[in-house]
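Peer 1: My questions will all concern the structure given below.
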Amino acid sequence: MAPPRAREIVVCGHLCLDIIPGFPALEGSHDWFRPGRLSLVGAPVISTGGAVSNVGLSLHRLGLPVRLVAKIGNDPLGRLIFERVSAMGKELARGLGRAEGEVTSYTVVLNPPGIDRIFLHCPGANDTFTDADVSDEVIEGASIFHFGYPPLMKQIWSDGGVRLERLLARAKARGAMTSLDMSLPDPSSPSGMIDWGALLSRVLPRVDVFVPSIEELLFMLDKPGFARLAGSGGGEEIIRQVTFPELARLAERAHAAGVSAVLIKLGDRGAYLHTSARGLAGAAGWASRELYTPVFSVPKIAGTAGSGDATIAGFLASVVRGLCAEEALTLAVAVGGCCVEAPDATSGIRSWDETLSRVKAGWERRSVELREPGWRPAAHGVWAGPKDRP
């Protein structure tokens, strides 16, 4: 099925090389991270990663025209990224700038069975990326301009968001719907110590669709709430503990800044969508929505790297194709579900028609019991909340 509009989606921001060791499934417990211990692992998966790769290549696999905009070094890792992206489509790498003398960003993704992911990350050339690296010609005519992972890009966060605001404003002025994703900074790093609430207050008025994880949103807008919910369990504990009224409160803060739609990723708990009274780009049925869906059931999870970005790709693809809010939320978690069936971030993504057929064939969602008042079953297998006014 061809999308009704063939305008490009520009995916901009952070790009890196992911190195994912192959962890075997072992019986009983195993302390993978005990100092001094040698643990045998399998062959690594080496793939492109970061928002530009994960969202952009997922959209490409879903059959949408995409332009990737990012910065890599002219070094062996950078050449490997360029080759991998070009192999997906000869035009996909045309927006990758190769900087002489700079290191290409890479991430070692540690994802052993039964343990939440651990990332060892080198920002590399992402730290010198600025709005000047994006030409007006690239933005012109885009249907959506998506920017991902500003906390991992020093020149994007270190000025309080001035460059990012300027870039998003340029995209909006040229008719693009703007979309922004975040990443969770290391709290002890310079990026983790800035006032993210102030930065978002500057940037969010230029954003139509805001797609953070609940951990990122709490860290940036409510650090006491982040500390209270995380406890000793980190992100997984936040996902389990956060309530729907807390999600609505955070989403409404983004709406007050000017955001039309907030999609909050909740890991294996699913996804939550909250839209403003303005709706989304005049589309029918998108105003004043509060929807939730659990994830789809996946018998064997090969890896969770990139699953949040895949969810974003499914959501943006649904918006471009004119789906209603309930369908968009459903397809978002469907693409995320396909992602976790492969160890890397993009090879599990199926075509749009395959994904849609899988949903329509009765792919089961994980069962949930919503005990908070006001929630009721809605169309397309999602739940509608007390603030939902379709």
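Quick note on naming: the chains in the structure tokens go A, B, ... in the order shown, residues restart at 1 in each chain, and ligands are numbered from 1 in order of appearance.
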Residues near region 342-345 of chain A, anyone? I mean within 10 Å using only C-alpha atoms, not counting same-chain ones fewer than 3 positions away, as a PyMOL selection string.

Peer 2: chain A and resi 18-22+44-50+53-55+57-58+109+111+300-310+336-339+348-349

Peer 1: Please provide the set of residues having any atom within 6 Å of region 179-194 of chain A, restricted to only C-alpha atoms, with same-chain residues fewer than 2 positions apart removed, written as a list in words.

Peer 2: His146, Phe147, Gly148, Tyr149, Pro151, Trp196, Val207, Asp208, Val209, Phe210, Val211, Pro212 and Glu216 of chain A

Peer 1: Using only C-alpha atoms for the distances, tell me which of A:Val319, A:Ala43, A:Ala25, A:Val66 is nearest to Ile115 (chain A).

Peer 2: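 The closest residue to Ile115 (chain A) is A:Ala25.
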
Peer 1: Name the residues in contact with Arg289 (chain A) at a cut-off of 8 Å, using only C-alpha atoms, excluding same-chain residues fewer than 3 positions from it; report them as a count of residues only.

Peer 2: 11

Peer 1: DSSP on the backbone: which residues in region 28-176 of chain A end up as strand (DSSP E)? Give the answer as a VMD selection string.

Peer 2: chain A and resid 42 to 49 66 to 73 96 to 99 106 to 110 118 to 122 144 to 148

Peer 1: With C-alpha atoms retained, export the selected residues as a PDB file, in the first residue's frame.

Peer 2:
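Writing the result to again.pdb gives the following:
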```pdb
ATOM      1  CA  GLY A  42      28.810 -15.567  21.054  1.00  0.00           C
ATOM      2  CA  ALA A  43      29.387 -13.712  17.798  1.00  0.00           C
ATOM      3  CA  PRO A  44      28.483 -10.028  17.978  1.00  0.00           C
ATOM      4  CA  VAL A  45      25.815  -8.255  16.011  1.00  0.00           C
ATOM      5  CA  ILE A  46      27.305  -5.122  14.469  1.00  0.00           C
ATOM      6  CA  SER A  47      24.750  -2.684  13.130  1.00  0.00           C
ATOM      7  CA  THR A  48      24.040   0.989  12.740  1.00  0.00           C
ATOM      8  CA  GLY A  49      22.276   2.528  15.726  1.00  0.00           C
ATOM      9  CA  VAL A  66      13.256   8.884   4.058  1.00  0.00           C
ATOM     10  CA  ARG A  67      16.224  11.223   4.184  1.00  0.00           C
ATOM     11  CA  LEU A  68      18.814  10.583   6.906  1.00  0.00           C
ATOM     12  CA  VAL A  69      20.811  13.539   8.231  1.00  0.00           C
ATOM     13  CA  ALA A  70      23.703  12.923  10.645  1.00  0.00           C
ATOM     14  CA  LYS A  71      27.454  13.276  11.109  1.00  0.00           C
ATOM     15  CA  ILE A  72      30.085  10.535  11.203  1.00  0.00           C
ATOM     16  CA  GLY A  73      33.870  10.475  11.159  1.00  0.00           C
ATOM     17  CA  LEU A  96      25.541  11.604   6.110  1.00  0.00           C
ATOM     18  CA  GLY A  97      28.323  14.135   6.598  1.00  0.00           C
ATOM     19  CA  ARG A  98      31.810  12.644   6.996  1.00  0.00           C
ATOM     20  CA  ALA A  99      34.049  14.816   9.158  1.00  0.00           C
ATOM     21  CA  TYR A 106      29.747   3.864  18.733  1.00  0.00           C
ATOM     22  CA  THR A 107      27.817   2.033  21.438  1.00  0.00           C
ATOM     23  CA  VAL A 108      28.513  -1.312  23.090  1.00  0.00           C
ATOM     24  CA  VAL A 109      25.071  -2.688  23.949  1.00  0.00           C
ATOM     25  CA  LEU A 110      25.118  -5.227  26.779  1.00  0.00           C
ATOM     26  CA  ILE A 118      23.450  -1.426  29.592  1.00  0.00           C
ATOM     27  CA  PHE A 119      25.017   1.000  27.105  1.00  0.00           C
ATOM     28  CA  LEU A 120      28.681   2.003  26.849  1.00  0.00           C
ATOM     29  CA  HIS A 121      28.606   4.985  24.525  1.00  0.00           C
ATOM     30  CA  CYS A 122      31.094   7.260  22.744  1.00  0.00           C
ATOM     31  CA  ILE A 144       7.808  15.244   8.917  1.00  0.00           C
ATOM     32  CA  PHE A 145      11.069  16.431  10.454  1.00  0.00           C
ATOM     33  CA  HIS A 146      12.098  14.101  13.273  1.00  0.00           C
ATOM     34  CA  PHE A 147      15.046  14.852  15.567  1.00  0.00           C
ATOM     35  CA  GLY A 148      16.392  12.228  17.951  1.00  0.00           C
TER      36      GLY A 148
END
```

Peer 1: Write out as a tab-separated table (two decimals) with N, CA and C atoms, in the first residue's frame all residues of region 87-310 of chain A that backbone DSSP assigns to alpha helix (DSSP H).

Peer 2:
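Once everything was written out, this is selection-v7.tsv:
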```tsv
chain	number	residue	atom	x	y	z
A	87	ALA	N	23.87	0.06	1.71
A	87	ALA	CA	23.39	-1.26	1.31
A	87	ALA	C	21.88	-1.38	1.46
A	88	MET	N	21.29	-0.56	2.34
A	88	MET	CA	19.83	-0.57	2.51
A	88	MET	C	19.13	0.18	1.38
A	136	ASP	N	18.75	24.09	4.19
A	136	ASP	CA	17.34	24.34	3.89
A	136	ASP	C	16.84	23.39	2.80
A	137	GLU	N	17.71	23.04	1.87
A	137	GLU	CA	17.32	22.15	0.77
A	137	GLU	C	16.89	20.80	1.29
A	138	VAL	N	17.54	20.32	2.37
A	138	VAL	CA	17.19	19.04	2.96
A	138	VAL	C	15.80	19.08	3.57
A	139	ILE	N	15.46	20.19	4.23
A	139	ILE	CA	14.19	20.30	4.93
A	139	ILE	C	13.04	20.58	3.98
A	154	LYS	N	26.49	17.23	22.08
A	154	LYS	CA	26.91	18.34	22.93
A	154	LYS	C	26.54	19.71	22.39
A	155	GLN	N	26.74	19.94	21.09
A	155	GLN	CA	26.44	21.25	20.53
A	155	GLN	C	24.94	21.51	20.44
A	156	ILE	N	24.14	20.48	20.61
A	156	ILE	CA	22.69	20.64	20.58
A	156	ILE	C	22.14	20.97	21.96
A	157	TRP	N	22.76	20.43	23.03
A	157	TRP	CA	22.22	20.71	24.37
A	157	TRP	C	22.98	21.79	25.12
A	162	VAL	N	19.17	26.48	22.01
A	162	VAL	CA	19.02	27.54	21.00
A	162	VAL	C	19.13	26.96	19.59
A	163	ARG	N	20.15	26.15	19.35
A	163	ARG	CA	20.35	25.59	18.00
A	163	ARG	C	19.21	24.65	17.63
A	164	LEU	N	18.77	23.83	18.60
A	164	LEU	CA	17.69	22.89	18.31
A	164	LEU	C	16.39	23.64	18.03
A	165	GLU	N	16.11	24.67	18.81
A	165	GLU	CA	14.91	25.47	18.56
A	165	GLU	C	14.96	26.09	17.16
A	166	ARG	N	16.13	26.61	16.80
A	166	ARG	CA	16.30	27.25	15.50
A	166	ARG	C	16.06	26.24	14.37
A	167	LEU	N	16.57	25.03	14.54
A	167	LEU	CA	16.41	24.00	13.52
A	167	LEU	C	14.95	23.57	13.38
A	168	LEU	N	14.29	23.34	14.50
A	168	LEU	CA	12.88	22.94	14.45
A	168	LEU	C	12.01	24.05	13.88
A	169	ALA	N	12.34	25.30	14.21
A	169	ALA	CA	11.58	26.43	13.66
A	169	ALA	C	11.73	26.49	12.15
A	170	ARG	N	12.93	26.23	11.65
A	170	ARG	CA	13.13	26.21	10.19
A	170	ARG	C	12.28	25.13	9.55
A	171	ALA	N	12.21	23.97	10.17
A	171	ALA	CA	11.41	22.88	9.61
A	171	ALA	C	9.92	23.23	9.59
A	172	LYS	N	9.43	23.79	10.70
A	172	LYS	CA	8.02	24.17	10.75
A	172	LYS	C	7.69	25.25	9.73
A	173	ALA	N	8.60	26.19	9.56
A	173	ALA	CA	8.37	27.28	8.61
A	173	ALA	C	8.27	26.77	7.18
A	190	PRO	N	28.01	15.94	32.15
A	190	PRO	CA	27.57	17.33	31.96
A	190	PRO	C	26.16	17.43	31.37
A	191	SER	N	25.83	16.54	30.45
A	191	SER	CA	24.49	16.55	29.86
A	191	SER	C	23.42	16.25	30.91
A	192	GLY	N	23.74	15.38	31.85
A	192	GLY	CA	22.77	15.03	32.88
A	192	GLY	C	22.57	16.09	33.93
A	193	MET	N	23.45	17.08	33.97
A	193	MET	CA	23.39	18.11	35.02
A	193	MET	C	22.76	19.42	34.57
A	196	TRP	N	17.12	20.52	32.05
A	196	TRP	CA	16.38	20.05	30.89
A	196	TRP	C	14.98	20.63	30.83
A	197	GLY	N	14.40	20.95	31.97
A	197	GLY	CA	13.09	21.61	31.97
A	197	GLY	C	13.14	22.93	31.24
A	198	ALA	N	14.20	23.71	31.49
A	198	ALA	CA	14.36	25.00	30.82
A	198	ALA	C	14.60	24.80	29.32
A	199	LEU	N	15.43	23.82	28.97
A	199	LEU	CA	15.69	23.56	27.55
A	199	LEU	C	14.40	23.17	26.83
A	200	LEU	N	13.62	22.29	27.45
A	200	LEU	CA	12.38	21.88	26.80
A	200	LEU	C	11.38	23.02	26.72
A	201	SER	N	11.38	23.92	27.69
A	201	SER	CA	10.50	25.08	27.64
A	201	SER	C	10.81	25.94	26.41
A	202	ARG	N	12.07	25.97	26.03
A	202	ARG	CA	12.47	26.71	24.83
A	202	ARG	C	12.10	25.95	23.56
A	203	VAL	N	12.30	24.64	23.57
A	203	VAL	CA	12.21	23.85	22.34
A	203	VAL	C	10.78	23.38	22.03
A	214	ILE	N	9.13	7.20	29.34
A	214	ILE	CA	8.71	7.72	30.63
A	214	ILE	C	9.92	8.06	31.50
A	215	GLU	N	11.00	7.29	31.40
A	215	GLU	CA	12.19	7.61	32.19
A	215	GLU	C	12.75	8.97	31.78
A	216	GLU	N	12.85	9.21	30.47
A	216	GLU	CA	13.39	10.48	29.98
A	216	GLU	C	12.51	11.65	30.41
A	217	LEU	N	11.20	11.47	30.28
A	217	LEU	CA	10.28	12.55	30.59
A	217	LEU	C	10.33	12.91	32.07
A	218	LEU	N	10.35	11.91	32.92
A	218	LEU	CA	10.44	12.18	34.35
A	218	LEU	C	11.77	12.83	34.72
A	219	PHE	N	12.87	12.32	34.17
A	219	PHE	CA	14.18	12.87	34.48
A	219	PHE	C	14.25	14.35	34.12
A	220	MET	N	13.63	14.72	33.00
A	220	MET	CA	13.76	16.08	32.50
A	220	MET	C	12.73	17.05	33.07
A	221	LEU	N	11.55	16.54	33.43
A	221	LEU	CA	10.50	17.43	33.91
A	221	LEU	C	10.17	17.26	35.39
A	223	LYS	N	12.46	15.60	38.35
A	223	LYS	CA	13.55	14.79	38.92
A	223	LYS	C	13.19	14.17	40.27
A	224	PRO	N	12.47	14.86	41.16
A	224	PRO	CA	12.05	14.19	42.39
A	224	PRO	C	11.16	12.98	42.11
A	225	GLY	N	10.26	13.11	41.15
A	225	GLY	CA	9.42	11.97	40.77
A	225	GLY	C	10.23	10.84	40.17
A	226	PHE	N	11.25	11.21	39.39
A	226	PHE	CA	12.15	10.20	38.81
A	226	PHE	C	12.83	9.42	39.92
A	227	ALA	N	13.40	10.12	40.91
A	227	ALA	CA	14.10	9.45	42.00
A	227	ALA	C	13.15	8.61	42.84
A	228	ARG	N	11.94	9.12	43.07
A	228	ARG	CA	10.97	8.39	43.90
A	228	ARG	C	10.54	7.09	43.23
A	229	LEU	N	10.24	7.14	41.94
A	229	LEU	CA	9.74	5.96	41.26
A	229	LEU	C	10.85	4.97	40.92
A	230	ALA	N	12.05	5.49	40.62
A	230	ALA	CA	13.14	4.59	40.21
A	230	ALA	C	13.60	3.73	41.37
A	234	GLY	N	15.71	1.37	38.95
A	234	GLY	CA	15.97	2.10	37.73
A	234	GLY	C	14.75	2.21	36.84
A	235	GLY	N	15.00	2.17	35.52
A	235	GLY	CA	13.94	2.37	34.54
A	235	GLY	C	12.82	1.36	34.63
A	236	GLU	N	13.15	0.11	34.89
A	236	GLU	CA	12.11	-0.91	34.98
A	236	GLU	C	11.15	-0.61	36.13
A	237	GLU	N	11.67	-0.11	37.23
A	237	GLU	CA	10.82	0.22	38.36
A	237	GLU	C	9.91	1.40	38.04
A	238	ILE	N	10.43	2.37	37.31
A	238	ILE	CA	9.61	3.51	36.88
A	238	ILE	C	8.44	3.03	36.03
A	239	ILE	N	8.73	2.16	35.07
A	239	ILE	CA	7.68	1.65	34.19
A	239	ILE	C	6.59	0.94	34.98
A	240	ARG	N	6.99	0.19	35.98
A	240	ARG	CA	5.99	-0.55	36.78
A	240	ARG	C	5.19	0.39	37.68
A	241	GLN	N	5.82	1.43	38.20
A	241	GLN	CA	5.21	2.24	39.25
A	241	GLN	C	4.40	3.42	38.72
A	244	PHE	N	-1.35	6.35	35.49
A	244	PHE	CA	-1.90	7.09	34.36
A	244	PHE	C	-2.12	8.57	34.69
A	245	PRO	N	-2.58	8.92	35.89
A	245	PRO	CA	-2.65	10.37	36.19
A	245	PRO	C	-1.30	11.06	36.11
A	246	GLU	N	-0.21	10.36	36.50
A	246	GLU	CA	1.12	10.95	36.37
A	246	GLU	C	1.51	11.12	34.91
A	247	LEU	N	1.15	10.15	34.08
A	247	LEU	CA	1.42	10.27	32.65
A	247	LEU	C	0.66	11.45	32.06
A	248	ALA	N	-0.61	11.58	32.44
A	248	ALA	CA	-1.42	12.69	31.93
A	248	ALA	C	-0.85	14.03	32.36
A	249	ARG	N	-0.38	14.11	33.61
A	249	ARG	CA	0.19	15.37	34.11
A	249	ARG	C	1.42	15.77	33.30
A	250	LEU	N	2.28	14.83	33.02
A	250	LEU	CA	3.49	15.12	32.26
A	250	LEU	C	3.14	15.52	30.82
A	251	ALA	N	2.19	14.80	30.22
A	251	ALA	CA	1.77	15.12	28.85
A	251	ALA	C	1.17	16.52	28.78
A	252	GLU	N	0.38	16.87	29.77
A	252	GLU	CA	-0.26	18.19	29.78
A	252	GLU	C	0.76	19.31	29.91
A	253	ARG	N	1.87	19.06	30.58
A	253	ARG	CA	2.94	20.06	30.64
A	253	ARG	C	3.50	20.31	29.24
A	254	ALA	N	3.64	19.24	28.47
A	254	ALA	CA	4.13	19.40	27.09
A	254	ALA	C	3.09	20.13	26.24
A	255	HIS	N	1.80	19.81	26.43
A	255	HIS	CA	0.76	20.51	25.68
A	255	HIS	C	0.77	22.00	26.00
A	256	ALA	N	0.97	22.34	27.27
A	256	ALA	CA	0.99	23.75	27.66
A	256	ALA	C	2.10	24.52	26.95
A	257	ALA	N	3.17	23.81	26.58
A	257	ALA	CA	4.27	24.44	25.85
A	257	ALA	C	3.99	24.54	24.36
A	307	SER	N	13.88	-0.79	20.16
A	307	SER	CA	12.44	-1.03	20.16
A	307	SER	C	11.64	0.26	20.33
A	308	GLY	N	12.15	1.18	21.15
A	308	GLY	CA	11.47	2.46	21.29
A	308	GLY	C	11.48	3.26	20.00
A	309	ASP	N	12.61	3.25	19.30
A	309	ASP	CA	12.70	3.95	18.02
A	309	ASP	C	11.79	3.30	16.97
A	310	ALA	N	11.69	1.98	16.98
A	310	ALA	CA	10.80	1.30	16.06
A	310	ALA	C	9.35	1.70	16.33
```

Peer 1: With only C-alpha atoms as the counted atoms, please give the residues lying no more than 6 Å from Phe315 (chain A), apart from itself and same-chain residues fewer than 3 positions off, as a list of chain:residue names.

Peer 2: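 Selected residues are A:Ile312, A:Ser318, A:Ala328, A:Ala332.
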
Peer 1: For the residues selected in the previous step, produce a file with C-alpha atoms as a PDB file, in the first residue's frame.

Peer 2:
```pdb
ATOM      1  CA  ILE A 312       8.247   5.900  16.925  1.00  0.00           C
ATOM      2  CA  SER A 318       0.704   5.821  10.723  1.00  0.00           C
ATOM      3  CA  ALA A 328      -1.632   4.755  15.015  1.00  0.00           C
ATOM      4  CA  ALA A 332       3.327   1.869  16.796  1.00  0.00           C
TER       5      ALA A 332
END
```

Peer 1: Can you list, as JSON, numbers by chain, every protein, DNA or RNA residue that comes within 10 Å of region 359-367 of chain A when you count only C-alpha atoms, leaving out same-chain residues fewer than 6 positions away?

Peer 2: {"A": [268, 269, 270, 293, 294, 295, 296, 297, 298, 330, 331, 333, 334, 337, 353, 380, 381, 382]}

Peer 1: How many Å lie between CA of Arg174 (chain A) and CA of Ala142 (chain A), rounded to one decimal?

Peer 2: 7.9 Å
